[in-house]
Amino acid sequence: MNRILTMKAEVEGLSDILLADGGESTYEEIICMAMVEKAAMGDVKAYNAIKATIGQTDKSEADLEEQQIRTDRAKRARDQEVGDTDQENDNIQSFLKAMRPTEEEMEHLFDQEDDDGSEEEETGEV
């Protein structure tokens, strides 16, 4: 399938647009272009297929976080059921989460707080 999708093809109207924009006019590009054209004409199914292909979702961050929490709970419950209480997987998950910080975590990454809770900028003499 990958070989076929990367083969060059000629489709009237679409190939000219792709080639003019630096594309190669492969089946894959032609199919994508056709989906974009349908979505631009109001085809909601084509639009949703494009969003799914590029990883966009209608779910909010809170919904995604809640889904992740439920998934994690289900995994822990399954592991306890089968007697697999090895924490190694949790450590790996914690590491992977640290490698993908949220925007909020990034915003507060270098914040420093005094004992009274106020932030203080660190300065030094020049």
# chains A, B, ... in the order shown; residues from 1 in each chain; ligands from 1

$ residues_around --residues "region 7-17 of chain A" --least-positions-apart "2" --cutoff "9 Å" --atoms "only C-alpha atoms" --output "number ranges by chain"
A: 2-5, 19-30, 33-34

$ write_last_selection --atoms "C-alpha atoms" --output "CSV table (one decimal), in the first residue's frame"
chain,number,residue,atom,x,y,z
A,2,ASN,CA,2.8,2.4,0.8
A,3,ARG,CA,4.5,1.8,-2.5
A,4,ILE,CA,1.2,2.4,-4.4
A,5,LEU,CA,0.4,5.6,-2.4
A,19,LEU,CA,3.0,20.2,-9.1
A,20,ALA,CA,2.7,24.0,-9.2
A,21,ASP,CA,3.1,24.1,-5.4
A,22,GLY,CA,6.2,21.8,-5.4
A,23,GLY,CA,4.4,18.6,-4.8
A,24,GLU,CA,5.0,15.3,-6.7
A,25,SER,CA,1.4,14.4,-7.6
A,26,THR,CA,1.5,11.0,-5.8
A,27,TYR,CA,-1.7,9.1,-5.1
A,28,GLU,CA,-1.3,10.1,-1.4
A,29,GLU,CA,-1.1,13.8,-2.3
A,30,ILE,CA,-4.0,13.5,-4.7
A,33,MET,CA,-6.1,17.2,-1.9
A,34,ALA,CA,-9.4,15.7,-2.8

$ atom_distance --atom1 "CA of Ser94 (chain A)" --atom2 "CA of Asp72 (chain A)"
11.7 Å
